[in-house]
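Here is the file protein.pdb (PDB, C-alpha atoms and all ligand atoms).
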ATOM      1  CA  MET A  20     -15.030 -16.412 -20.160
ATOM      2  CA  LYS A  21     -13.760 -15.358 -16.766
ATOM      3  CA  THR A  22     -15.657 -13.039 -14.433
ATOM      4  CA  ARG A  23     -13.705  -9.892 -13.611
ATOM      5  CA  THR A  24     -12.720  -8.445 -10.242
ATOM      6  CA  PRO A  25     -15.195  -5.652  -9.323
ATOM      7  CA  VAL A  26     -13.718  -2.173  -9.749
ATOM      8  CA  ILE A  27     -14.285  -1.331  -6.076
ATOM      9  CA  VAL A  28     -11.981  -4.206  -5.048
ATOM     10  CA  ASN A  29      -9.297  -2.965  -7.427
ATOM     11  CA  ILE A  30      -9.646   0.546  -6.019
ATOM     12  CA  LEU A  31      -9.324  -0.752  -2.448
ATOM     13  CA  ILE A  32      -6.167  -2.681  -3.338
ATOM     14  CA  ILE A  33      -4.678   0.377  -5.065
ATOM     15  CA  LEU A  34      -5.520   2.603  -2.079
ATOM     16  CA  THR A  35      -3.883   0.147   0.333
ATOM     17  CA  ILE A  36      -0.706   0.075  -1.732
ATOM     18  CA  LEU A  37      -0.717   3.885  -2.052
ATOM     19  CA  PHE A  38      -1.169   4.224   1.691
ATOM     20  CA  ILE A  39       1.742   1.880   2.464
ATOM     21  CA  MET A  40       3.908   3.649  -0.092
ATOM     22  CA  TYR A  41       3.218   7.146   1.248
ATOM     23  CA  TYR A  42       3.608   5.977   4.820
ATOM     24  CA  MET A  43       7.029   4.492   4.090
ATOM     25  CA  PHE A  44       8.293   7.491   2.190
ATOM     26  CA  VAL A  45       6.935  10.180   4.520
ATOM     27  CA  GLN A  46       7.018   8.164   7.736
ATOM     28  CA  ASN A  47       4.211   9.932   9.494
ATOM     29  CA  ASN A  48       0.577  10.729   8.908
ATOM     30  CA  SER A  49       1.184  14.235   7.572
ATOM     31  CA  PHE A  50       0.603  13.086   3.964
ATOM     32  CA  PHE A  51      -3.099  12.861   4.780
ATOM     33  CA  THR A  52      -3.319  16.619   4.363
ATOM     34  CA  SER A  53      -1.021  16.732   1.336
ATOM     35  CA  PRO A  54      -2.484  17.570  -2.081
ATOM     36  CA  TYR A  55      -0.003  15.089  -3.633
ATOM     37  CA  PHE A  56      -1.540  12.208  -1.727
ATOM     38  CA  TRP A  57      -5.108  13.107  -2.632
ATOM     39  CA  GLY A  58      -3.987  13.878  -6.195
ATOM     40  CA  THR A  59      -2.512  10.387  -6.584
ATOM     41  CA  VAL A  60      -5.616   8.889  -4.990
ATOM     42  CA  ALA A  61      -7.878  10.737  -7.447
ATOM     43  CA  ILE A  62      -5.743   9.818 -10.487
ATOM     44  CA  SER A  63      -5.572   6.158  -9.371
ATOM     45  CA  ILE A  64      -9.344   5.963  -8.947
ATOM     46  CA  ILE A  65      -9.904   7.529 -12.369
ATOM     47  CA  LEU A  66      -7.426   5.097 -13.977
ATOM     48  CA  ALA A  67      -9.126   2.158 -12.247
ATOM     49  CA  MET A  68     -12.523   3.345 -13.569
ATOM     50  CA  ILE A  69     -11.125   3.725 -17.106
ATOM     51  CA  HIS A  70      -9.609   0.246 -16.851
ATOM     52  CA  ASN A  71     -12.995  -1.034 -15.727
ATOM     53  CA  ALA A  72     -14.852   0.702 -18.576
ATOM     54  CA  ILE A  73     -12.494  -0.799 -21.161
ATOM     55  CA  GLY A  74     -13.035  -4.168 -19.453
ATOM     56  CA  ASP A  75     -16.802  -3.701 -19.830
ATOM     57  CA  LEU A  76     -16.440  -3.042 -23.546
ATOM     58  CA  ILE A  77     -14.312  -6.121 -24.100
ATOM     59  CA  GLU A  78     -16.688  -8.174 -21.992
ATOM     60  CA  ASN A  79     -19.735  -7.055 -24.007
ATOM     61  CA  HIS A  80     -17.927  -7.819 -27.200
ATOM     62  CA  LYS A  81     -16.929 -11.323 -26.088
ATOM     63  CA  PHE A  82     -20.368 -11.956 -24.618
ATOM     64  CA  LYS A  83     -22.014 -11.499 -28.009
ATOM     65  CA  ALA A  84     -19.859 -14.246 -29.416
ATOM     66  CA  LEU A  85     -21.089 -16.811 -26.833
ATOM     67  CA  ASN A  86     -23.887 -19.300 -27.534
ATOM     68  CA  GLU A  87     -27.076 -19.243 -25.438
ATOM     69  CA  GLU A  88     -25.928 -21.926 -23.037
ATOM     70  CA  GLU A  89     -22.603 -20.248 -22.361
ATOM     71  CA  LYS A  90     -24.351 -16.908 -21.968
ATOM     72  CA  ALA A  91     -26.647 -18.309 -19.263
ATOM     73  CA  ALA A  92     -23.743 -19.986 -17.430
ATOM     74  CA  TYR A  93     -21.744 -16.790 -17.536
ATOM     75  CA  LEU A  94     -24.630 -14.660 -16.228
ATOM     76  CA  LEU A  95     -25.154 -17.106 -13.378
ATOM     77  CA  GLU A  96     -21.468 -17.000 -12.457
ATOM     78  CA  LYS A  97     -21.517 -13.214 -12.626
ATOM     79  CA  LYS A  98     -24.381 -12.996 -10.119
ATOM     80  CA  LYS A  99     -22.306 -14.611  -7.391
ATOM     81  CA  PRO A 100     -20.997 -12.108  -4.860
ATOM     82  CA  PHE A 101     -17.274 -11.476  -5.358
ATOM     83  CA  LEU A 102     -16.098 -12.869  -2.026
ATOM     84  CA  LYS A 103     -18.148 -16.032  -2.437
ATOM     85  CA  ALA A 104     -16.751 -16.533  -5.938
ATOM     86  CA  LEU A 105     -13.243 -16.031  -4.557
ATOM     87  CA  TRP A 106     -13.893 -18.523  -1.784
ATOM     88  CA  ASP A 107     -15.345 -21.099  -4.161
ATOM     89  CA  SER A 108     -12.490 -20.737  -6.603
ATOM     90  CA  ALA A 109      -9.972 -21.242  -3.791
ATOM     91  CA  PHE A 110     -11.477 -24.657  -3.010
ATOM     92  CA  LYS A 111     -12.550 -25.659  -6.469
ATOM     93  CA  LYS A 112     -11.866 -29.313  -7.311
ATOM     94  CA  GLN A 113     -11.375 -30.146 -10.958
ATOM     95  CA  THR A 114     -13.440 -32.806 -12.682
ATOM     96  CA  ALA A 115     -11.830 -36.033 -13.876
ATOM     97  CA  LYS A 116     -11.705 -34.662 -17.400
ATOM     98  CA  GLU A 117     -10.066 -31.407 -16.363
ATOM     99  CA  GLU A 118      -7.541 -33.415 -14.380
ATOM    100  CA  LYS A 119      -6.716 -35.497 -17.386
ATOM    101  CA  ASP A 120      -6.097 -32.352 -19.420
ATOM    102  CA  MET A 121      -3.484 -31.046 -17.061
ATOM    103  CA  LEU A 122      -1.750 -34.301 -16.331
ATOM    104  CA  ILE A 123       1.968 -33.888 -16.887
ATOM    105  CA  ASP A 124       3.797 -36.614 -18.654
ATOM    106  CA  HIS A 125       5.838 -37.298 -15.611
ATOM    107  CA  GLY A 126       5.196 -39.594 -12.672
ATOM    108  CA  PHE A 127       6.831 -41.929 -10.235
ATOM    109  CA  ASP A 128       5.607 -45.150  -8.707
ATOM    110  CA  GLY A 129       2.231 -44.545 -10.265
ATOM    111  CA  ILE A 130       1.899 -41.138  -8.667
ATOM    112  CA  MET A 131       1.145 -38.649 -11.395
ATOM    113  CA  GLU A 132       1.777 -34.922 -11.400
ATOM    114  CA  LEU A 133      -0.886 -32.334 -12.263
ATOM    115  CA  ASP A 134      -0.208 -28.912 -13.684
ATOM    116  CA  ASN A 135      -2.630 -27.299 -11.225
ATOM    117  CA  GLN A 136      -3.333 -23.594 -11.258
ATOM    118  CA  LEU A 137      -2.021 -21.825  -8.199
ATOM    119  CA  PRO A 138      -4.802 -20.848  -5.769
ATOM    120  CA  LYS A 139      -5.928 -17.242  -6.088
ATOM    121  CA  TRP A 140      -5.258 -16.412  -2.437
ATOM    122  CA  TRP A 141      -1.727 -17.693  -2.898
ATOM    123  CA  LEU A 142      -1.180 -15.649  -6.050
ATOM    124  CA  GLY A 143      -2.667 -12.574  -4.335
ATOM    125  CA  LEU A 144      -0.252 -12.877  -1.421
ATOM    126  CA  PHE A 145       2.611 -13.471  -3.818
ATOM    127  CA  TYR A 146       1.905 -10.350  -5.896
ATOM    128  CA  PHE A 147       1.338  -8.294  -2.771
ATOM    129  CA  GLY A 148       4.668  -9.539  -1.402
ATOM    130  CA  VAL A 149       6.509  -8.614  -4.585
ATOM    131  CA  ILE A 150       5.014  -5.108  -4.735
ATOM    132  CA  TYR A 151       5.605  -4.553  -1.028
ATOM    133  CA  CYS A 152       9.187  -5.722  -1.424
ATOM    134  CA  ILE A 153       9.872  -3.257  -4.241
ATOM    135  CA  ILE A 154       8.361  -0.333  -2.325
ATOM    136  CA  TYR A 155      10.307  -1.346   0.773
ATOM    137  CA  VAL A 156      13.666  -1.637  -0.969
ATOM    138  CA  VAL A 157      13.214   1.691  -2.759
ATOM    139  CA  SER A 158      12.109   3.575   0.338
ATOM    140  CA  TYR A 159      14.807   1.920   2.456
ATOM    141  CA  SER A 160      17.478   2.931  -0.046
ATOM    142  CA  PHE A 161      16.365   6.460  -0.839
ATOM    143  CA  THR A 162      14.525   7.738   2.241
ATOM    144  CA  ASN A 163      15.031   7.604   5.994
ATOM    145  CA  PHE A 164      12.512   4.799   6.259
ATOM    146  CA  ALA A 165      13.617   2.044   8.671
ATOM    147  CA  ASP A 166      17.026   3.730   9.000
ATOM    148  CA  PRO A 167      18.398   2.434  12.317
ATOM    149  CA  ILE A 168      20.637   5.453  12.871
ATOM    150  CA  LYS A 169      17.767   7.890  12.416
ATOM    151  CA  GLU A 170      15.513   5.783  14.611
ATOM    152  CA  TYR A 171      18.231   5.690  17.249
ATOM    153  CA  ASP A 172      18.611   9.484  17.140
ATOM    154  CA  GLU A 173      14.881  10.008  17.537
ATOM    155  CA  GLU A 174      14.673   7.517  20.373
ATOM    156  CA  TYR A 175      17.629   9.219  22.033
ATOM    157  CA  LYS A 176      15.929  12.622  21.768
ATOM    158  CA  THR A 177      12.687  11.374  23.309
ATOM    159  CA  GLN A 178      14.672   9.737  26.111
ATOM    160  CA  LEU A 179      16.489  13.004  26.822
ATOM    161  CA  ALA A 180      13.185  14.880  26.810
ATOM    162  CA  ALA A 181      11.756  12.301  29.216
ATOM    163  CA  ILE A 182      14.738  12.770  31.542
ATOM    164  CA  ASP A 183      14.300  16.563  31.403
ATOM    165  CA  GLU A 184      10.620  16.162  32.163
ATOM    166  CA  TYR A 185      11.428  13.884  35.085
ATOM    167  CA  MET A 186      14.055  16.263  36.421
ATOM    168  CA  LYS A 187      11.531  19.119  36.433
ATOM    169  CA  THR A 188       9.214  17.249  38.776
ATOM    170  CA  ALA A 189      11.786  15.080  40.571
ATOM    171  CA  PRO A 190      12.307  15.864  44.237
ATOM    172  CA  GLN A 191      15.167  18.345  44.621
ATOM    173  CA  ALA A 192      18.088  18.014  46.994
ATOM    174  CA  THR A 193      17.621  19.900  50.264
ATOM    175  CA  LEU A 194      19.986  20.967  53.015
ATOM    176  CA  GLU A 195      18.912  17.864  54.967
ATOM    177  CA  ASN A 196      19.561  15.223  52.319
ATOM    178  CA  ALA A 197      22.196  16.795  50.016
ATOM    179  CA  VAL A 198      25.476  14.877  49.937
ATOM    180  CA  TYR A 199      28.816  15.368  48.270
ATOM    181  CA  SER A 200      29.365  13.227  45.183
ATOM    182  CA  SER A 201      32.505  13.182  43.042
ATOM    183  CA  ASP A 202      30.272  12.365  40.045
ATOM    184  CA  MET A 203      28.739  15.836  40.243
ATOM    185  CA  VAL A 204      32.001  17.793  40.227
ATOM    186  CA  THR A 205      32.152  18.279  36.455
ATOM    187  CA  GLU A 206      28.530  19.409  36.181
ATOM    188  CA  GLY A 207      29.053  21.569  39.272
ATOM    189  CA  GLU A 208      32.003  23.249  37.580
ATOM    190  CA  GLU A 209      29.773  24.195  34.640
ATOM    191  CA  ILE A 210      27.220  25.730  36.999
ATOM    192  CA  PHE A 211      30.029  27.577  38.778
ATOM    193  CA  LYS A 212      31.333  28.980  35.478
ATOM    194  CA  THR A 213      27.879  30.307  34.583
ATOM    195  CA  ASN A 214      26.733  31.688  37.926
ATOM    196  CA  CYS A 215      29.630  32.263  40.263
ATOM    197  CA  VAL A 216      32.863  32.910  38.388
ATOM    198  CA  SER A 217      32.156  36.650  37.988
ATOM    199  CA  CYS A 218      32.652  37.162  41.739
ATOM    200  CA  HIS A 219      34.622  34.116  42.915
ATOM    201  CA  MET A 220      36.889  34.010  39.842
ATOM    202  CA  ASP A 221      38.482  31.049  38.044
ATOM    203  CA  GLY A 222      38.764  27.961  40.181
ATOM    204  CA  GLY A 223      37.215  29.891  43.114
ATOM    205  CA  LYS A 224      40.427  31.773  43.815
ATOM    206  CA  GLY A 225      38.404  34.799  44.993
ATOM    207  CA  GLY A 226      37.638  38.365  43.817
ATOM    208  CA  ILE A 227      34.536  40.279  44.884
ATOM    209  CA  GLY A 228      33.549  37.064  46.643
ATOM    210  CA  PRO A 229      35.988  35.322  48.971
ATOM    211  CA  ASN A 230      38.589  32.717  48.071
ATOM    212  CA  LEU A 231      36.793  29.369  48.204
ATOM    213  CA  THR A 232      39.922  27.212  48.051
ATOM    214  CA  ASP A 233      41.432  28.073  51.444
ATOM    215  CA  ASN A 234      40.382  27.044  54.923
ATOM    216  CA  ALA A 235      39.217  30.519  56.062
ATOM    217  CA  TRP A 236      35.436  30.969  56.028
ATOM    218  CA  ILE A 237      33.277  33.987  56.892
ATOM    219  CA  ASN A 238      30.094  31.936  57.001
ATOM    220  CA  GLN A 239      30.143  28.646  58.864
ATOM    221  CA  PRO A 240      26.407  27.944  59.392
ATOM    222  CA  GLU A 241      26.801  24.139  59.374
ATOM    223  CA  SER A 242      29.286  21.762  60.927
ATOM    224  CA  THR A 243      30.522  20.209  57.682
ATOM    225  CA  LEU A 244      32.026  22.046  54.731
ATOM    226  CA  PHE A 245      29.619  20.575  52.168
ATOM    227  CA  LYS A 246      26.445  21.464  54.124
ATOM    228  CA  SER A 247      27.831  24.881  54.970
ATOM    229  CA  VAL A 248      28.409  25.701  51.305
ATOM    230  CA  PHE A 249      24.955  24.336  50.398
ATOM    231  CA  HIS A 250      23.464  26.532  53.138
ATOM    232  CA  VAL A 251      25.172  29.735  51.970
ATOM    233  CA  VAL A 252      24.409  29.174  48.280
ATOM    234  CA  TYR A 253      20.774  28.332  49.075
ATOM    235  CA  ASN A 254      20.128  31.093  51.600
ATOM    236  CA  GLY A 255      22.743  33.703  50.676
ATOM    237  CA  SER A 256      24.953  35.455  53.202
ATOM    238  CA  PRO A 257      23.233  37.096  56.181
ATOM    239  CA  ASN A 258      26.037  39.685  56.395
ATOM    240  CA  ASN A 259      26.503  40.602  52.762
ATOM    241  CA  PRO A 260      23.610  40.743  50.252
ATOM    242  CA  THR A 261      26.106  40.632  47.359
ATOM    243  CA  MET A 262      26.101  36.855  47.825
ATOM    244  CA  VAL A 263      22.494  36.272  46.834
ATOM    245  CA  ALA A 264      20.255  33.428  47.975
ATOM    246  CA  PHE A 265      20.415  31.353  44.770
ATOM    247  CA  GLY A 266      18.070  28.668  46.123
ATOM    248  CA  GLN A 267      15.508  30.911  47.777
ATOM    249  CA  ASN A 268      15.110  33.204  44.795
ATOM    250  CA  GLY A 269      14.806  30.222  42.441
ATOM    251  CA  GLN A 270      17.903  30.963  40.343
ATOM    252  CA  LEU A 271      19.245  27.471  41.062
ATOM    253  CA  THR A 272      17.404  24.262  41.976
ATOM    254  CA  GLY A 273      18.350  22.138  44.970
ATOM    255  CA  ASN A 274      19.988  19.627  42.614
ATOM    256  CA  ASP A 275      22.061  22.368  40.959
ATOM    257  CA  ILE A 276      23.208  23.631  44.348
ATOM    258  CA  GLN A 277      24.158  20.100  45.333
ATOM    259  CA  LYS A 278      26.301  19.951  42.193
ATOM    260  CA  VAL A 279      27.986  23.323  42.610
ATOM    261  CA  ALA A 280      28.573  22.609  46.317
ATOM    262  CA  SER A 281      30.227  19.330  45.278
ATOM    263  CA  TYR A 282      32.507  21.314  42.993
ATOM    264  CA  ILE A 283      33.440  23.734  45.783
ATOM    265  CA  TYR A 284      34.043  20.845  48.178
ATOM    266  CA  HIS A 285      36.307  19.349  45.509
ATOM    267  CA  ILE A 286      38.433  22.478  44.941
ATOM    268  CA  ASN A 287      38.632  23.088  48.707
ATOM    269  CA  GLN A 288      39.346  19.571  49.973
ATOM    270  CA  GLU A 289      40.826  17.666  47.065
ATOM    271  CA  GLN A 290      43.046  20.345  45.536
ATOM    272  CA  GLN A 291      45.744  22.644  46.859
ATOM    273  CA  PRO A 292      44.490  26.104  47.955
ATOM    274  CA  ILE A 293      45.232  28.978  45.590
ATOM    275  CA  THR A 294      47.352  31.236  47.835
ATOM    276  CA  PRO A 295      47.735  35.028  47.438
ATOM    277  CA  ALA A 296      51.224  34.305  46.067
ATOM    278  CA  GLN A 297      49.524  32.346  43.236
ATOM    279  CA  GLY A 298      46.994  35.115  42.556
ATOM    280  CA  GLY A 299      44.334  33.980  45.019
ATOM    281  CA  ALA A 300      42.463  36.425  47.286
ATOM    282  CA  ALA A 301      43.703  36.791  50.869
ATOM    283  CA  PRO A 302      41.911  34.563  53.435
ATOM    284  CA  GLN A 303      38.752  36.095  54.948
ATOM    285  CA  GLY A 304      36.905  34.965  58.052
ATOM    286  CA  THR A 305      38.179  32.432  60.546
ATOM    287  CA  GLU A 306      39.986  29.103  60.164
ATOM    288  CA  ALA A 307      37.377  26.394  59.874
ATOM    289  CA  ASN A 308      37.494  23.100  61.704
ATOM    290  CA  TRP A 309      35.016  21.068  59.641
ATOM    291  CA  GLU A 310      33.605  17.789  60.825
ATOM    292  CA  LYS A 311      34.339  15.070  58.342
TER     293      LYS A 311
HETATM  294  C1  LIG B   1      27.674  39.027  42.761
HETATM  295  C2  LIG B   1      28.856  38.380  43.287
HETATM  296  C3  LIG B   1      28.739  36.955  43.745
HETATM  297  C4  LIG B   1      28.267  35.908  43.022
HETATM  298  C5  LIG B   1      27.712  35.918  41.614
HETATM  299  C6  LIG B   1      28.401  34.739  43.859
HETATM  300  N1  LIG B   1      28.926  35.077  45.050
HETATM  301 FE1  LIG B   1      29.354  33.803  46.566
HETATM  302  N2  LIG B   1      29.907  35.347  47.687
HETATM  303  C7  LIG B   1      29.967  36.662  47.309
HETATM  304  C8  LIG B   1      30.367  37.473  48.419
HETATM  305  C9  LIG B   1      30.566  38.960  48.374
HETATM  306  C10 LIG B   1      30.526  36.606  49.516
HETATM  307  C11 LIG B   1      30.911  36.957  50.904
HETATM  308  C12 LIG B   1      29.656  36.972  51.754
HETATM  309  C13 LIG B   1      29.917  37.431  53.166
HETATM  310  O1  LIG B   1      30.745  38.344  53.347
HETATM  311  O2  LIG B   1      29.247  36.887  54.059
HETATM  312  C14 LIG B   1      30.239  35.290  49.013
HETATM  313  C15 LIG B   1      30.284  34.154  49.791
HETATM  314  C16 LIG B   1      30.164  32.865  49.298
HETATM  315  C17 LIG B   1      30.388  31.692  50.075
HETATM  316  C18 LIG B   1      30.754  31.637  51.527
HETATM  317  C19 LIG B   1      32.212  32.056  51.636
HETATM  318  C20 LIG B   1      32.624  32.378  53.036
HETATM  319  O3  LIG B   1      33.806  32.553  53.232
HETATM  320  O4  LIG B   1      31.710  32.485  53.859
HETATM  321  C21 LIG B   1      30.188  30.633  49.256
HETATM  322  C22 LIG B   1      30.322  29.168  49.596
HETATM  323  C23 LIG B   1      29.832  31.185  47.971
HETATM  324  N3  LIG B   1      29.816  32.537  48.034
HETATM  325  C24 LIG B   1      29.516  30.413  46.876
HETATM  326  C25 LIG B   1      29.018  30.966  45.722
HETATM  327  C26 LIG B   1      28.523  30.169  44.643
HETATM  328  C27 LIG B   1      28.514  28.656  44.590
HETATM  329  C28 LIG B   1      28.094  31.033  43.707
HETATM  330  C29 LIG B   1      27.423  30.702  42.393
HETATM  331  C30 LIG B   1      26.261  29.856  42.468
HETATM  332  C31 LIG B   1      28.325  32.348  44.171
HETATM  333  N4  LIG B   1      28.881  32.276  45.397
HETATM  334  C32 LIG B   1      28.035  33.481  43.464
HETATM  335  C33 LIG B   1      29.688  37.146  46.039
HETATM  336  C34 LIG B   1      29.157  36.426  45.026
END
Mind converting the file's structure to structure tokens?
Ligand code: HEC
Amino acid sequence: MKTRTPVIVNILIILTILFIMYYMFVQNNSFFTSPYFWGTVAISIILAMIHNAIGDLIENHKFKALNEEEKAAYLLEKKKPFLKALWDSAFKKQTAKEEKDMLIDHGFDGIMELDNQLPKWWLGLFYFGVIYCIIYVVSYSFTNFADPIKEYDEEYKTQLAAIDEYMKTAPQATLENAVYSSDMVTEGEEIFKTNCVSCHMDGGKGGIGPNLTDNAWINQPESTLFKSVFHVVYNGSPNNPTMVAFGQNGQLTGNDIQKVASYIYHINQEQQPITPAQGGAAPQGTEANWEK
């Protein structure tokens, strides 16, 4: 008569499997607070106890049928702590008689083959592997578990958030270190469309604010076009408060101003001016002679 696995061990195994299963299907720890999780845990424990109680009944019944000697041997075996019994059984060597019983009628060169029982630790790993495999395949097929596309999306989102976070604290461009970059023109155009187009009109052709595509400038605070634009957008116009100080009042960051100034540099230096004949505003200010 074999000794049985204690019910607490069965419960621990069931809980481990349940945990893995819930984790794979839900993919975060939120199931810990879910009534479904605790419900399944409770039902599993109750089932394990019922299974154990039935086992007890069968065991008692079989025990009665044993003779005194067998009874004593069984009681001795049962006293062994579970882990020790497991350990012993893993390294158990069979006696010569037992070996003879499981000898297979099949050998070669005098080497005979035994029909040995598989070690318990091996069987345990094997069953665990099979169960894990089934749970994995099902959750992989029917949930987002281990879905590379979803994982990629999430990773991408955290990366974007990290960039945003960095940008908030990153040092901003200043009048001293800002430089024109053709890479910023597209982003600069977006900033222009949101903040400036109401006064400077499409493509900077001029309206309430002057034409930004020609070579006539009212404000020429710096010696180069790019720095001059950065200066005016950051500090506003000293003559006309309609052109507000976007940098000083915090409406735009230094980096944003660097971008929008790059866009204005681009439409002024790398494109043809929009003349009054083409719908642009008439030149205001004086001809500029920018340093390159
Ligand atoms: C509310 C209207 C208004 C808005 C919005 C506005 N501007 Fe202006 N802007 C003006 C006016 C008016 C002037 C002329 C200032 C002066 O007479 O000194 C001007 C002047 C300028 C100048 C200098 C032009 C020159 O000839 O001296 C630049 C460069 C400029 N704006 C860029 C921008 C940018 C970039 C934005 C958006 C971030 C913007 N402006 C938003 C009204 C505006």
How big is the axis-aligned box around all listed atoms of ligand LIG 1 (chain B) once 4 Å goes on each side, and where's its centre, in Å to one decimal, as AutoDock Vina command-line options?
--center_x 30.0 --center_y 33.8 --center_z 47.8 --size_x 15.5 --size_y 18.4 --size_z 20.4
Query - Picked residues, the PyMOL selection byres (((chain A and resi 194-208) around 6) and not hetatm), expected as a list in words - result: Ala192, Thr193, Glu209, Ile210, Phe211, Lys278, Val279, Ser281 and Tyr282 of chain A
Query - Residue members of the PyMOL selection byres (((chain A and resi 27) around 12) and not hetatm) in the file shown, as a ChimeraX atom specification - result: /A:23-26,28-34,63-65,67-68,70-71,101
Requested in this report: Please identify all polymer residues within 9 Å of Ile154 (chain A), counting all atoms listed in the file, omitting same-chain residues fewer than 5 positions from it, and present them as number ranges by chain.
Outcome: A: 39-40, 43, 149, 159
Requested in this report: Have a look at CA of Lys139 (chain A) and CA of Leu105 (chain A) and let me know their distance in Å, one decimal.
Outcome: 7.6 Å
As a check of understanding, name the residues that the PyMOL selection byres (((not hetatm)) within 6 of (chain B and resi 1)) selects in the supplied structure, as a PDB file with C-alpha atoms, in the frame of the given file.
ATOM      1  CA  PHE A 211      30.029  27.577  38.778  1.00  0.00           C
ATOM      2  CA  ASN A 214      26.733  31.688  37.926  1.00  0.00           C
ATOM      3  CA  CYS A 215      29.630  32.263  40.263  1.00  0.00           C
ATOM      4  CA  SER A 217      32.156  36.650  37.988  1.00  0.00           C
ATOM      5  CA  CYS A 218      32.652  37.162  41.739  1.00  0.00           C
ATOM      6  CA  ILE A 227      34.536  40.279  44.884  1.00  0.00           C
ATOM      7  CA  GLY A 228      33.549  37.064  46.643  1.00  0.00           C
ATOM      8  CA  PRO A 229      35.988  35.322  48.971  1.00  0.00           C
ATOM      9  CA  TRP A 236      35.436  30.969  56.028  1.00  0.00           C
ATOM     10  CA  ILE A 237      33.277  33.987  56.892  1.00  0.00           C
ATOM     11  CA  ASN A 238      30.094  31.936  57.001  1.00  0.00           C
ATOM     12  CA  VAL A 248      28.409  25.701  51.305  1.00  0.00           C
ATOM     13  CA  VAL A 251      25.172  29.735  51.970  1.00  0.00           C
ATOM     14  CA  VAL A 252      24.409  29.174  48.280  1.00  0.00           C
ATOM     15  CA  SER A 256      24.953  35.455  53.202  1.00  0.00           C
ATOM     16  CA  ASN A 258      26.037  39.685  56.395  1.00  0.00           C
ATOM     17  CA  ASN A 259      26.503  40.602  52.762  1.00  0.00           C
ATOM     18  CA  THR A 261      26.106  40.632  47.359  1.00  0.00           C
ATOM     19  CA  MET A 262      26.101  36.855  47.825  1.00  0.00           C
ATOM     20  CA  VAL A 279      27.986  23.323  42.610  1.00  0.00           C
TER      21      VAL A 279
END
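Summary of the local environment: counting all atoms listed in the file, residues at most 12 Å from Ala115 (chain A), other than itself and those fewer than 6 positions away along its chain, are Met121, Leu122 and Leu133 of chain A.
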